[in-house]
Number of protein chains: 2
Amino acid sequence: MKQVIGLLGCGTVGGGVDAIAMAREDLTVKKILLLYPQPGTEGRDVYDFAEIENDPEITVVAEAMGGVEPAFTYASRALKAGKHFVTANKALIAAKGAELAKLAVENGVSLRCTAAVGGGIPWLTNLTRCRRLDTIRSVRGIMNGTTNFIMNAMHTQEVSFDDVLKKAQSLGYAEANPSADIDGWDTQRKIILSAGAAFDKFAAEAEVDTFGIRNVTAMDVKAFQSLGYVCKLVAVAKDGGDGLVAYVEPTLLGASELEAAVPSNFNLITYDAEYFGVQSFYGQGAGRFPTAANVVQDILDLADCKPGFYTDKLAPAKVCNDKEAHPYYVRTTLDAWSDKAATKGDGWIITEPIAVSEMHAWAKKAMKDDPALFFAGIQ
Amino acid sequence: MKQVIGLLGCGTVGGGVDAIAMAREDLTVKKILLLYPQPGTEGRDVYDFAEIENDPEITVVAEAMGGVEPAFTYASRALKAGKHFVTANKALIAAKGAELAKLAVENGVSLRCTAAVGGGIPWLTNLTRCRRLDTIRSVRGIMNGTTNFIMNAMHTQEVSFDDVLKKAQSLGYAEANPSADIDGWDTQRKIILSAGAAFDKFAAEAEVDTFGIRNVTAMDVKAFQSLGYVCKLVAVAKDGGDGLVAYVEPTLLGASELEAAVPSNFNLITYDAEYFGVQSFYGQGAGRFPTAANVVQDILDLADCKPGFYTDKLAPAKVCNDKEAHPYYVRTTLDAWSDKAATKGDGWIITEPIAVSEMHAWAKKAMKDDPALFFAGIQ
C-alpha cells in the first residue's frame with residue numbers, strides 16, 4: 001500500500017524524511033506545511049494545516065516541527081481526521097502522550113514516535129516488539145548524545161566542563177542554549193516515553209527526579225577515576241506496582257561496564273525482560289539521517305498495519321522513587337549526609353544507600369546555598 | 001490469526017518454545033515430533049514427520065532439533081507443503097540457506113531464523129528491517145558467548161585457556177566437545193547467515209577464513225594488555241562487489257571500545273548502514289528462554305504477514321578476502337613475517353597490514369610445524 005504523507009516542517013529532520021521518501025516508490029510526500037517558502041518544496045508547500053487535514057488522500061501526518069504547540073493541535077486534528085501520526089517530537093509526546101494515544105485509539109489510527117527516543121536507534125520499536133511476548137522489568141540508558149560527548153571528553157582528556165561544552169556546541173552536538181541537554185530535561189522526556197511504552201504508565205514531567213551534569217568538574221572526574229568509575233547521565237524506569245520508579249541522574253559505572261564504554265555522542269538504551277534478559281540497543285541518538293530514517297521506518301510500519309506504541313491502557317502514573325535507594329557520590333560545601341558517609345574524600349563523600357527521592361529533594365533545596373554542588377548515583 | 005505450530009524437537013529450545021506458546025491464546029503447538037516419548041507432550045507427540053507435513057491445520061513448522069539432517073529434509077517438505085519454517089538451527093541455514101530460501105519463495109511461504117544468530121538478540125530481525133530502507137555497508141560482531149566468556153575471563157583473571165574452558169563447560173556455557181565454539185565454526189555460520197541477510201550473498205562455509213581462540217595463552221593476553229588491547233573473537237562481512245569479504249578471527253580492540261566491554265557470555269552484533277550509521281545489538285547469545293522467545297517472535301511475525309529473511313535474490317557468492325588487509329599480532333616459533341614486522345615483542349610481532357586471506361592461508365600451513373601458533377587481527 002502506498003503511503004501518502006503530509007509533512008509538518010522541513011528542517012533538518014523533515015528535510016531528511018522528504019529526501020528518503022523521494023527515493024522510494026511506496027511513499028509520497030504530497031504536502032509540506034511550512035511557515036515560509038522553502039526551496040525544494042515547490043508545488044507541495046502549504047501554509048495552513050487544514051490543507052493537510054482535509055486531504056483525503058493523505059493517510060499519514062509526519063511531524064518534524066518540534067515543540068508542544070502548535071504540534072499538539074495539529075496532531076489532535078490529524079488523528080481526529082483518521083490519519084496516522086508519526087513524530088520525532090519528544091516534547092510533544094512527553095507532555096501530551098496519554099491524550100494523543102487515547103485519540104489515536106478512538107479514531108482507529110496509530111501514533112508512532114520511534115525517533116523521539118534514541119534518534120536513529122530502533123529502541124521503542126524493539127521495546128514494544130519485546131512486550132508482544134515478554135514482560136519488561138526495567139528500562140535504562142544513556143539517552144542523550146550531548147551529555148555523553150561531554151562526559152566522554154572529560155574522562156579521556158583533561159578538559160573543563162565549560163571548554164568541552166563549547167566544543168560540543170561548535171560541532172553542532174549541543175544547542176546554543178544547552179539546558180535541555182545538560183540539565184537532563186531531554187533525557188527526562190525520553191525516559192517518560194520509554195516507561196510509557198514499557199509499562200503503560202505515563203509519568204508527569206515535573207515528577208521525574210532529574211539532575212543533570214552542569215555542575216560536574218574535572219576534579220569530580222579525577223575522583224571518579226580514582227574510585228574506578230566512569231560517570232554518565234543515565235535514566236532509569238521500573239514498574240513500581242501502583243506507581244512508577246523514574247529518574248535521571250549522573251551515574252557512576254564500573255569502568256569495564258558496557259555503558260561506560262559508550263563513546264562520543266552515541267546512545268545505549270537497555271531493557272531487562274523476563275524471557276530475553278538484558279538487551280541493549282546502541283547507535284546515533286540524533287543526526288539528520290538516522291532520525292529521519294526512523295521516522296520513515298514508522299511510516300513503513302504503518303503501511304504494514306503495525307499498531308501504535310501506546311494503547312488505551314496507557315494511563316497517568318505517580319512517580320514513587322522513595323523505595324529506590326543506592327549509594328551516592330556527593331560533593332558539597334554544606335555539612336550534609338555526614339551521618340550517612342561510608343567513604344570520605346577531598347570535598348566529597350560516598351554515602352550509604354539513600355532513596356532517590358530523598359537525594360533529589362535534598363539537592364533541589366541545597367542548591368540555594370551551594371549552587372555548585374554535584375551528586376551521582378552508584379548502582 | 002491463530003498460528004498452529006508443528007514443533008520439531010522438544011529439548012532446551014523446543015521445550016522453551018512450547019512453554020511460551022502454551023501461555024498464549026494466539027499460538028497452539030498441535031504436534032511435537034520426537035524420537036521417544038517425553039513428559040508434557042502427551043497427546044501431541046508424533047514420531048513420523050508426515051503427521052505434521054500432512055496436517056492442513058498446521059501453518060508453521062518450528063524446528064529445534066539441530067544438525068543439517070534430518071532437519072533439511074523436514075524443512076524442504078514443510079516448505080513444499082506450504083508451511084512457514086522457523087528455526088534456530090544455524091548449521092542447517094549455513095549449509096542449506098540458499099536452497100531453503102528458494103523453496104520458500106517458490107511455495108509462497110517464509111523462512112525465518114532470528115534465533116540462529118545471537119540467540120535471544122533481535123539481530124536478523126533488525127538487520128532485515130534496516131535493509132527495508134537503508135544500505136548495509138558492513139556487519140560484524142561478537143557472535144559466540146562461549147569464546148567471549150573465555151576471553152573475558154582471561155583478561156580479568158590470571159587464568160589459563162584450559163582452566164577457563166573447563167569452567168565454561170561446568171557452567172554449561174561450553175559443550176563437552178568445544179570445537180564448534182573455540183575454533184570459530186559456530187561464529188562462521190553466524191556471519192554467513194548475517195551476510196546473506198545483509199547483502200543477498202551466501203558464502204560457502206569452507207570459503208570463510210576462520211581462526212579460533214584455541215591457541216591463545218595467558219602470555220598472549222599479557223602482551224595484548226601491555227599494548228592497550230582487548231582480544232575478542234570477531235566476525236566481519238562486507239559487500240565486496242562481485243564477491244563477499246567474510247572472515248572470523250581473534251581481534252585486538254582498543255580497551256575503551258564498546259566491543260571490548262562485552263562481559264561474560266554476552267554477544268554484541270553491529271551493522272554500519274548509510275542512513276543509520278553504526279547500530280549495535282547486545283544481549284544473550286544463547287540460553288533456553290532468550291532463544292525460544294526469538295523463535296516465538298518469528299512465529300508472531302509470520303502471523304503478522306512478515307516476509308522471510310532471505311529472498312530469491314539470495315545467491316551463492318565467492319569469498320574474496322585478498323583486498324581486506326590490516327596489521328596482525330603473530331606469535332610463532334617459526335621464522336615468519338620478519339620482513340613485515342612493525343613491532344617486535346617477546347616471541348610475538350605486530351605486522352604491517354597483511355591481507356586477511358594471506359594470513360589465514362599462512363596459518364593453515366604453518367600449523368603443521370608450529371601447532372601452537374596464534375594470531376589476531378588489529379582493525
# chains A, B, ... in the order shown; residues from 1 in each chain; ligands from 1
$ residues_around --residues "Glu99 in chain A" --least-positions-apart "4" --cutoff "12 Å" --atoms "only C-alpha atoms" --output "compact mmCIF listing (two decimals) with N, CA and C atoms, in the first residue's frame"
# COMPACT_ATOMS: atom_id res chain seq x y z
N PHE A 72 0.76 19.90 18.99
CA PHE A 72 -0.32 19.14 19.64
C PHE A 72 -1.67 19.36 18.94
N THR A 73 -1.93 20.62 18.60
CA THR A 73 -3.18 20.92 17.89
C THR A 73 -3.25 20.17 16.57
N ALA A 75 -1.55 17.47 15.71
CA ALA A 75 -1.62 16.02 15.97
C ALA A 75 -3.06 15.62 16.28
N SER A 76 -3.71 16.38 17.13
CA SER A 76 -5.10 16.07 17.51
C SER A 76 -6.00 16.11 16.29
N LEU A 79 -5.29 13.06 13.95
CA LEU A 79 -5.84 11.81 14.46
C LEU A 79 -7.36 11.81 14.33
N LEU A 92 6.51 16.96 22.65
CA LEU A 92 5.08 16.76 22.40
C LEU A 92 4.56 15.51 23.10
N ILE A 93 5.26 14.39 22.92
CA ILE A 93 4.75 13.13 23.47
C ILE A 93 4.87 13.12 25.00
N ALA A 94 5.97 13.68 25.52
CA ALA A 94 6.11 13.71 26.99
C ALA A 94 4.99 14.54 27.61
N ALA A 95 4.60 15.62 26.94
CA ALA A 95 3.57 16.49 27.51
C ALA A 95 2.16 15.96 27.25
N LEU A 103 -6.69 9.49 21.73
CA LEU A 103 -7.29 9.97 20.48
C LEU A 103 -7.03 8.99 19.34
N ALA A 104 -5.81 8.46 19.28
CA ALA A 104 -5.47 7.52 18.21
C ALA A 104 -6.36 6.29 18.29
N VAL A 105 -6.48 5.73 19.49
CA VAL A 105 -7.32 4.53 19.67
C VAL A 105 -8.77 4.85 19.30
N GLU A 106 -9.28 5.97 19.77
CA GLU A 106 -10.67 6.35 19.48
C GLU A 106 -10.94 6.46 17.99
N LEU A 111 -0.31 6.02 16.51
CA LEU A 111 0.66 7.05 16.88
C LEU A 111 1.99 6.36 17.07
N PHE A 202 2.34 6.43 32.45
CA PHE A 202 2.84 7.69 31.89
C PHE A 202 3.07 8.69 33.02
N TYR A 310 1.54 3.21 21.80
CA TYR A 310 0.78 3.38 23.03
C TYR A 310 -0.65 2.96 22.80
N THR A 311 -1.17 2.19 23.74
CA THR A 311 -2.55 1.71 23.62
C THR A 311 -3.42 2.52 24.57
N ASP A 312 -4.71 2.17 24.61
CA ASP A 312 -5.59 2.88 25.55
C ASP A 312 -5.36 2.40 26.98
N LYS A 313 -4.46 1.42 27.16
CA LYS A 313 -4.07 1.04 28.54
C LYS A 313 -3.13 2.08 29.15
N LEU A 314 -2.52 2.90 28.31
CA LEU A 314 -1.59 3.93 28.82
C LEU A 314 -2.36 4.86 29.75
N ALA A 315 -1.85 5.00 30.97
CA ALA A 315 -2.55 5.85 31.93
C ALA A 315 -1.54 6.64 32.75
N PRO A 316 -1.91 7.82 33.19
CA PRO A 316 -1.01 8.59 34.05
C PRO A 316 -0.66 7.78 35.30
$ select_by_dssp --residues "range 130-225 of chain B" --states "strand (DSSP E)" --output "list in words"
Ile136, Arg137, Ser138, Val139, Arg140, Gly141, Ile142, Lys201, Phe202, Asp209 and Thr210 of chain B
$ residues_around --residues "Leu233 in chain A" --least-positions-apart "6" --cutoff "8 Å" --atoms "only C-alpha atoms" --output "MDAnalysis selection string"
chainID A and resid 142 144 147:148 184 212:213 248:251
$ write_last_selection --atoms "C-alpha atoms" --output "PDB file, in the first residue's frame"
ATOM      1  CA  ILE A 142      22.302   6.764  28.010  1.00  0.00           C
ATOM      2  CA  ASN A 144      21.378  11.952  25.309  1.00  0.00           C
ATOM      3  CA  THR A 147      25.930  14.797  27.695  1.00  0.00           C
ATOM      4  CA  ASN A 148      27.671  11.598  26.641  1.00  0.00           C
ATOM      5  CA  GLY A 184      18.658  16.368  31.901  1.00  0.00           C
ATOM      6  CA  GLY A 212      21.974  16.985  35.153  1.00  0.00           C
ATOM      7  CA  ILE A 213      25.705  17.271  34.620  1.00  0.00           C
ATOM      8  CA  VAL A 248      17.549  10.852  35.615  1.00  0.00           C
ATOM      9  CA  GLU A 249      20.891  11.403  37.317  1.00  0.00           C
ATOM     10  CA  PRO A 250      24.632  11.308  36.752  1.00  0.00           C
ATOM     11  CA  THR A 251      25.600   7.713  37.445  1.00  0.00           C
TER      12      THR A 251
END
$ residues_around --residues "range 276-287 of chain A" --least-positions-apart "3" --cutoff "8 Å" --atoms "only C-alpha atoms" --output "ChimeraX atom specification"
/A:13,117-123,134,143-145,265-273,290-291 /B:120-121,276-284,289-291,293
$ write_last_selection --atoms "C-alpha atoms" --output "mmCIF file, in the first residue's frame"
data_model
loop_
_atom_site.group_PDB
_atom_site.id
_atom_site.type_symbol
_atom_site.label_atom_id
_atom_site.label_comp_id
_atom_site.auth_asym_id
_atom_site.auth_seq_id
_atom_site.Cartn_x
_atom_site.Cartn_y
_atom_site.Cartn_z
ATOM 1 C CA VAL A 13 14.733 16.025 10.215
ATOM 2 C CA VAL A 117 13.888 8.340 21.858
ATOM 3 C CA GLY A 118 17.356 7.443 20.706
ATOM 4 C CA GLY A 119 17.119 9.306 17.382
ATOM 5 C CA GLY A 120 18.229 6.675 14.906
ATOM 6 C CA ILE A 121 18.147 3.702 17.287
ATOM 7 C CA PRO A 122 15.199 1.348 16.811
ATOM 8 C CA TRP A 123 14.599 1.482 20.560
ATOM 9 C CA ASP A 134 7.647 -10.690 27.292
ATOM 10 C CA MET A 143 19.674 8.641 26.002
ATOM 11 C CA ASN A 144 21.378 11.952 25.309
ATOM 12 C CA GLY A 145 24.319 12.335 22.959
ATOM 13 C CA ASN A 265 27.708 11.356 21.202
ATOM 14 C CA PHE A 266 26.318 7.810 20.954
ATOM 15 C CA ASN A 267 23.432 6.375 22.989
ATOM 16 C CA LEU A 268 22.962 2.938 24.556
ATOM 17 C CA ILE A 269 19.493 2.001 25.774
ATOM 18 C CA THR A 270 18.572 -1.193 27.595
ATOM 19 C CA TYR A 271 15.659 -3.212 28.780
ATOM 20 C CA ASP A 272 15.657 -6.155 31.131
ATOM 21 C CA ALA A 273 12.849 -8.587 30.332
ATOM 22 C CA PRO A 290 19.458 8.458 11.436
ATOM 23 C CA THR A 291 16.484 10.332 12.915
ATOM 24 C CA GLY B 120 17.947 -14.012 22.057
ATOM 25 C CA ILE B 121 19.135 -10.847 20.315
ATOM 26 C CA PHE B 276 21.550 4.891 10.238
ATOM 27 C CA GLY B 277 25.318 4.722 10.682
ATOM 28 C CA VAL B 278 26.627 2.243 13.234
ATOM 29 C CA GLN B 279 23.984 0.400 15.265
ATOM 30 C CA SER B 280 24.689 -2.428 17.690
ATOM 31 C CA PHE B 281 22.539 -5.055 19.355
ATOM 32 C CA TYR B 282 23.549 -6.569 22.663
ATOM 33 C CA GLY B 283 22.220 -9.435 24.734
ATOM 34 C CA GLN B 284 22.275 -13.149 25.498
ATOM 35 C CA PHE B 289 14.291 -18.677 27.081
ATOM 36 C CA PRO B 290 16.067 -15.932 25.147
ATOM 37 C CA THR B 291 16.469 -18.290 22.180
ATOM 38 C CA ALA B 293 11.439 -16.332 22.739
#
$ closest_residue --among "B:Leu8, B:Ala64, B:Val319, B:Ala81" --to "Asp48 in chain B" --atoms "only C-alpha atoms"
B:Leu8
$ select_by_dssp --residues "range 214-353 of chain B" --states "helix (DSSP H, G or I)" --output "PyMOL selection string"
chain B and resi 218-226+259-261+288-303+338-340
$ write_last_selection --atoms "N, CA and C atoms" --output "compact mmCIF listing (two decimals), in the first residue's frame"
# COMPACT_ATOMS: atom_id res chain seq x y z
N ALA B 218 47.82 -17.22 28.33
CA ALA B 218 47.86 -16.12 29.32
C ALA B 218 48.96 -15.13 28.96
N MET B 219 50.06 -15.63 28.36
CA MET B 219 51.16 -14.74 27.94
C MET B 219 50.69 -13.82 26.80
N ASP B 220 49.94 -14.37 25.86
CA ASP B 220 49.37 -13.53 24.79
C ASP B 220 48.54 -12.40 25.40
N VAL B 221 47.67 -12.78 26.35
CA VAL B 221 46.77 -11.78 26.94
C VAL B 221 47.59 -10.68 27.62
N LYS B 222 48.67 -11.08 28.29
CA LYS B 222 49.55 -10.07 28.90
C LYS B 222 50.12 -9.12 27.85
N ALA B 223 50.51 -9.69 26.73
CA ALA B 223 51.05 -8.84 25.65
C ALA B 223 49.97 -7.90 25.12
N PHE B 224 48.74 -8.41 24.92
CA PHE B 224 47.64 -7.54 24.43
C PHE B 224 47.45 -6.38 25.39
N GLN B 225 47.44 -6.72 26.68
CA GLN B 225 47.16 -5.69 27.68
C GLN B 225 48.27 -4.65 27.72
N SER B 226 49.53 -5.12 27.54
CA SER B 226 50.64 -4.16 27.54
C SER B 226 50.54 -3.22 26.34
N GLU B 259 32.99 -3.01 21.97
CA GLU B 259 33.12 -4.47 21.86
C GLU B 259 34.04 -5.03 22.95
N ALA B 260 35.03 -4.23 23.33
CA ALA B 260 35.97 -4.70 24.35
C ALA B 260 35.28 -4.86 25.70
N ALA B 261 34.16 -4.15 25.89
CA ALA B 261 33.47 -4.16 27.19
C ALA B 261 32.40 -5.24 27.30
N ARG B 288 18.05 -20.99 27.06
CA ARG B 288 16.74 -21.53 26.70
C ARG B 288 15.72 -20.45 26.36
N PHE B 289 15.41 -19.57 27.32
CA PHE B 289 14.29 -18.68 27.08
C PHE B 289 14.60 -17.53 26.13
N PRO B 290 15.79 -16.94 26.18
CA PRO B 290 16.07 -15.93 25.15
C PRO B 290 15.93 -16.50 23.74
N THR B 291 16.51 -17.69 23.51
CA THR B 291 16.47 -18.29 22.18
C THR B 291 15.04 -18.70 21.80
N ALA B 292 14.35 -19.37 22.72
CA ALA B 292 12.99 -19.80 22.44
C ALA B 292 12.08 -18.60 22.17
N ALA B 293 12.28 -17.52 22.92
CA ALA B 293 11.44 -16.33 22.74
C ALA B 293 11.66 -15.74 21.35
N ASN B 294 12.88 -15.82 20.84
CA ASN B 294 13.13 -15.32 19.48
C ASN B 294 12.48 -16.21 18.42
N VAL B 295 12.43 -17.51 18.67
CA VAL B 295 11.70 -18.40 17.76
C VAL B 295 10.23 -18.00 17.75
N VAL B 296 9.69 -17.74 18.92
CA VAL B 296 8.27 -17.35 19.01
C VAL B 296 8.06 -15.99 18.33
N GLN B 297 9.00 -15.07 18.49
CA GLN B 297 8.87 -13.77 17.80
C GLN B 297 8.76 -13.98 16.29
N ASP B 298 9.58 -14.88 15.75
CA ASP B 298 9.48 -15.18 14.31
C ASP B 298 8.09 -15.69 13.95
N ILE B 299 7.54 -16.55 14.80
CA ILE B 299 6.21 -17.11 14.52
C ILE B 299 5.16 -16.00 14.57
N LEU B 300 5.29 -15.10 15.54
CA LEU B 300 4.35 -13.98 15.62
C LEU B 300 4.51 -13.06 14.41
N ASP B 301 5.72 -12.90 13.94
CA ASP B 301 5.93 -12.08 12.74
C ASP B 301 5.26 -12.70 11.53
N LEU B 302 5.27 -14.02 11.45
CA LEU B 302 4.59 -14.69 10.34
C LEU B 302 3.09 -14.46 10.42
N ALA B 303 2.54 -14.51 11.63
CA ALA B 303 1.11 -14.24 11.82
C ALA B 303 0.81 -12.82 11.36
N SER B 338 59.03 -11.74 9.14
CA SER B 338 60.01 -10.82 9.71
C SER B 338 60.19 -9.60 8.80
N ASP B 339 59.95 -9.80 7.50
CA ASP B 339 60.04 -8.65 6.59
C ASP B 339 58.85 -7.71 6.74
N LYS B 340 57.81 -8.16 7.44
CA LYS B 340 56.60 -7.35 7.61
C LYS B 340 56.43 -6.89 9.06
